[in-house]
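Peer 1: A single structure is presented below for examination.
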Amino acid sequence: MRARTSDADILPRTLDLKGLGDCAPFDPAAIFPRNSTERINLMIHFHRAEIARMAGWRDRIDRTTNWAITVVAASLSYAFSSASVSHVTLIACMVMVTCLLFIEARRYRFFDVFRCRVRSLERNYYAGLMSIDSHPDDGWLARLGSDLRNPTFKMKLFEALKRRLRRNYLWLLLIVLAAWMLKVHLGVALSGSSNDLARFLDAASVGTIPGQFVVALISMVYLSLLVFACLPGREMDHLPLGGVNV
């Protein structure tokens, strides 16, 4: 049998537990880099840490997009599985996808915080090591330190919503809109009535809510989204991303 080990055996023999009160005070300067090698190691590990945090939030963004695609696919499959299924299923899908848009925009703002730090290092530090024509931005290191002390969002929710809408969600919502119009049209055709606007509006009703109101509301929401997506975006002049953007 192995002998039991005590705490005294695990602790370093040079550590005097009884004399901790007599130890010299901690020197804060000892934790800072004292030469160029330590500074380079610090920048390397900091860059790797910020890359990991950025990748984590990027993964969360992708998961939200996957949820939205799954919701759209499941709603379309269920809505067209039977003629008795109401078109309200697709209206509910529109609402759910819009909610996921807001969730993803919030996550995108967190992702942008760490992306800006990574781009600041790449633009002003690593690019200078690999290109003789590189010109670091004035005060970039001071701005990076200030952001570490007091992290702030670099992008407003308005801008984040617009970017995610342009990238993915506008196309998903347009697919749901086309499916909803087809579902209502099939309901009119299967009823054997004449296929005109009045019949379409009647088939678009939701319970006691008239179809005119439903069509007007959906049209207003989609027109607002289109106008919102076409608004000019605010370029991050303090940190150019080039042609690579998410």
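Naming works like this for the structure tokens: A, B, ... for the chains as they're shown, residue 1 at the start of each chain, ligands 1 onward in shown order.
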Using only C-alpha atoms, which residues sit within 8 Å of Trp57 of chain A once same-chain residues fewer than 3 positions away are excluded, as an NGL selection string?

Peer 2: :A and (53-54 or 60-61 or 107-108 or 110-111)

Peer 1: Considering only C-alpha atoms, return as a short mmCIF file (atom, residue, chain, number, x, y, z; two decimals) with C-alpha atoms, in the first residue's frame whatever protein or nucleic-acid residues lie within 8 Å of segment 214-224 of chain A, sequence-local ones (same chain, fewer than 5 positions apart) excluded.

Peer 2:
```
data_model
loop_
_atom_site.label_atom_id
_atom_site.label_comp_id
_atom_site.auth_asym_id
_atom_site.auth_seq_id
_atom_site.Cartn_x
_atom_site.Cartn_y
_atom_site.Cartn_z
CA LEU A 201 -57.57 38.99 -48.37
CA ALA A 204 -55.34 35.92 -45.10
CA SER A 205 -57.56 36.66 -42.09
CA VAL A 206 -56.44 35.39 -38.67
CA ILE A 209 -58.65 39.85 -37.45
#
```

Peer 1: Give me the residues within 7 Å of segment 141-157 of chain A as a PDB file with N, CA and C atoms, in the first residue's frame, counting only C-alpha atoms and dropping any in the same chain fewer than 2 places off.

Peer 2:
```pdb
ATOM      1  N   ALA A 105     -27.903  40.231 -32.971  1.00  0.00           N
ATOM      2  CA  ALA A 105     -27.317  41.573 -32.988  1.00  0.00           C
ATOM      3  C   ALA A 105     -26.630  41.882 -31.662  1.00  0.00           C
ATOM      4  N   ARG A 106     -27.217  41.442 -30.565  1.00  0.00           N
ATOM      5  CA  ARG A 106     -26.581  41.647 -29.261  1.00  0.00           C
ATOM      6  C   ARG A 106     -25.254  40.888 -29.191  1.00  0.00           C
ATOM      7  N   ARG A 109     -22.427  42.571 -31.158  1.00  0.00           N
ATOM      8  CA  ARG A 109     -21.770  43.713 -30.501  1.00  0.00           C
ATOM      9  C   ARG A 109     -20.629  43.241 -29.592  1.00  0.00           C
ATOM     10  N   ASP A 112     -17.768  42.195 -31.767  1.00  0.00           N
ATOM     11  CA  ASP A 112     -17.075  43.341 -32.345  1.00  0.00           C
ATOM     12  C   ASP A 112     -16.067  43.950 -31.377  1.00  0.00           C
ATOM     13  N   VAL A 113     -16.332  43.857 -30.077  1.00  0.00           N
ATOM     14  CA  VAL A 113     -15.393  44.391 -29.088  1.00  0.00           C
ATOM     15  C   VAL A 113     -14.046  43.694 -29.203  1.00  0.00           C
ATOM     16  N   ARG A 117     -10.055  44.714 -30.915  1.00  0.00           N
ATOM     17  CA  ARG A 117      -8.765  44.571 -30.237  1.00  0.00           C
ATOM     18  C   ARG A 117      -7.799  43.753 -31.091  1.00  0.00           C
ATOM     19  N   GLY A 139      -1.056  56.608 -31.008  1.00  0.00           N
ATOM     20  CA  GLY A 139      -1.744  56.343 -29.744  1.00  0.00           C
ATOM     21  C   GLY A 139      -2.535  55.055 -29.700  1.00  0.00           C
ATOM     22  N   GLU A 159     -26.751  49.683 -35.547  1.00  0.00           N
ATOM     23  CA  GLU A 159     -25.828  49.257 -36.589  1.00  0.00           C
ATOM     24  C   GLU A 159     -25.689  47.737 -36.630  1.00  0.00           C
ATOM     25  N   ALA A 160     -25.667  47.103 -35.453  1.00  0.00           N
ATOM     26  CA  ALA A 160     -25.550  45.646 -35.411  1.00  0.00           C
ATOM     27  C   ALA A 160     -26.772  44.976 -36.041  1.00  0.00           C
ATOM     28  N   LEU A 161     -27.954  45.496 -35.754  1.00  0.00           N
ATOM     29  CA  LEU A 161     -29.171  44.952 -36.363  1.00  0.00           C
ATOM     30  C   LEU A 161     -29.119  45.063 -37.884  1.00  0.00           C
TER      31      LEU A 161
END
```

Peer 1: If we count only C-alpha atoms, what is near Pro232 of chain A at a cut-off of 12 Å, once residues fewer than 5 positions away on the same chain are taken out, given as number ranges by chain?

Peer 2: A: 158-159, 162-163, 166, 227

Peer 1: Between A:Cys116, A:Cys93, A:Leu173, A:Met43, which is the closest to Leu225 of chain A once you count only C-alpha atoms?

Peer 2: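 Result for the nearest residue to Leu225 of chain A: A:Leu173.
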
Peer 1: Would you mind writing down, as a PyMOL selection string, each residue of segment 95-216 of chain A that DSSP on the backbone assigns to helix (DSSP H, G or I)?

Peer 2: chain A and resi 95-130+140-149+157-190+197-203+211-216

Peer 1: At a cut-off of 10 Å, using only C-alpha atoms, what residues contact Leu197 of chain A? Leave out same-chain residues fewer than 5 positions from it and give the result as a list in words.

Peer 2: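 Within the cut-off, the hits are His185, Asp202 and Ala203 of chain A.
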
Peer 1: Could you please take those selected residues and save N, CA and C atoms as a short mmCIF file (atom, residue, chain, number, x, y, z; two decimals), in the first residue's frame?

Peer 2:
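Ended up saving to part_6.cif:
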```
data_model
loop_
_atom_site.label_atom_id
_atom_site.label_comp_id
_atom_site.auth_asym_id
_atom_site.auth_seq_id
_atom_site.Cartn_x
_atom_site.Cartn_y
_atom_site.Cartn_z
N HIS A 185 -52.33 31.65 -51.09
CA HIS A 185 -52.81 31.46 -52.46
C HIS A 185 -53.30 30.02 -52.67
N ASP A 202 -59.48 37.60 -47.86
CA ASP A 202 -60.35 36.84 -46.96
C ASP A 202 -59.61 35.62 -46.40
N ALA A 203 -58.79 34.97 -47.25
CA ALA A 203 -58.04 33.81 -46.79
C ALA A 203 -56.89 34.20 -45.87
#
```

Peer 1: Write out as a PyMOL selection string each polymer residue whose atoms come within 12 Å of His47 of chain A, counting only C-alpha atoms; drop sequence neighbours fewer than 5 positions from it.

Peer 2: chain A and resi 40-42+52-54+114-122+125-126

Peer 1: Write the selection just made, keeping N, CA and C atoms, as an mmCIF file, in the first residue's frame?

Peer 2:
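Result file follows (selection_7.cif):
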```cif
data_model
loop_
_atom_site.group_PDB
_atom_site.id
_atom_site.type_symbol
_atom_site.label_atom_id
_atom_site.label_comp_id
_atom_site.auth_asym_id
_atom_site.auth_seq_id
_atom_site.Cartn_x
_atom_site.Cartn_y
_atom_site.Cartn_z
ATOM 1 N N ILE A 40 7.516 40.703 -26.023
ATOM 2 C CA ILE A 40 7.033 39.965 -27.192
ATOM 3 C C ILE A 40 6.144 38.798 -26.763
ATOM 4 N N ASN A 41 6.563 38.069 -25.729
ATOM 5 C CA ASN A 41 5.742 36.964 -25.224
ATOM 6 C C ASN A 41 4.399 37.464 -24.720
ATOM 7 N N LEU A 42 4.409 38.628 -24.074
ATOM 8 C CA LEU A 42 3.156 39.199 -23.589
ATOM 9 C C LEU A 42 2.214 39.504 -24.744
ATOM 10 N N ALA A 52 -9.174 33.871 -29.089
ATOM 11 C CA ALA A 52 -10.060 32.847 -28.520
ATOM 12 C C ALA A 52 -11.392 33.447 -28.093
ATOM 13 N N ARG A 53 -11.362 34.609 -27.474
ATOM 14 C CA ARG A 53 -12.608 35.248 -27.050
ATOM 15 C C ARG A 53 -13.440 35.675 -28.254
ATOM 16 N N MET A 54 -12.785 36.188 -29.277
ATOM 17 C CA MET A 54 -13.489 36.572 -30.492
ATOM 18 C C MET A 54 -14.121 35.356 -31.162
ATOM 19 N N PHE A 114 -14.065 42.379 -29.229
ATOM 20 C CA PHE A 114 -12.813 41.615 -29.278
ATOM 21 C C PHE A 114 -12.207 41.633 -30.680
ATOM 22 N N ARG A 115 -13.031 41.731 -31.702
ATOM 23 C CA ARG A 115 -12.496 41.840 -33.053
ATOM 24 C C ARG A 115 -11.703 43.138 -33.216
ATOM 25 N N CYS A 116 -12.195 44.222 -32.630
ATOM 26 C CA CYS A 116 -11.475 45.493 -32.735
ATOM 27 C C CYS A 116 -10.116 45.417 -32.044
ATOM 28 N N ARG A 117 -10.055 44.714 -30.915
ATOM 29 C CA ARG A 117 -8.765 44.571 -30.237
ATOM 30 C C ARG A 117 -7.799 43.753 -31.091
ATOM 31 N N VAL A 118 -8.284 42.671 -31.668
ATOM 32 C CA VAL A 118 -7.425 41.833 -32.507
ATOM 33 C C VAL A 118 -6.945 42.607 -33.728
ATOM 34 N N ARG A 119 -7.849 43.346 -34.356
ATOM 35 C CA ARG A 119 -7.464 44.108 -35.538
ATOM 36 C C ARG A 119 -6.478 45.222 -35.191
ATOM 37 N N SER A 120 -6.622 45.801 -34.002
ATOM 38 C CA SER A 120 -5.689 46.839 -33.578
ATOM 39 C C SER A 120 -4.279 46.278 -33.432
ATOM 40 N N LEU A 121 -4.173 45.079 -32.853
ATOM 41 C CA LEU A 121 -2.867 44.430 -32.735
ATOM 42 C C LEU A 121 -2.305 44.061 -34.104
ATOM 43 N N GLU A 122 -3.129 43.496 -34.956
ATOM 44 C CA GLU A 122 -2.655 43.059 -36.265
ATOM 45 C C GLU A 122 -2.241 44.248 -37.133
ATOM 46 N N TYR A 125 0.805 46.319 -34.811
ATOM 47 C CA TYR A 125 1.964 45.612 -34.264
ATOM 48 C C TYR A 125 2.507 44.581 -35.253
ATOM 49 N N TYR A 126 1.669 43.593 -35.592
ATOM 50 C CA TYR A 126 2.150 42.509 -36.452
ATOM 51 C C TYR A 126 2.420 42.985 -37.877
#
```
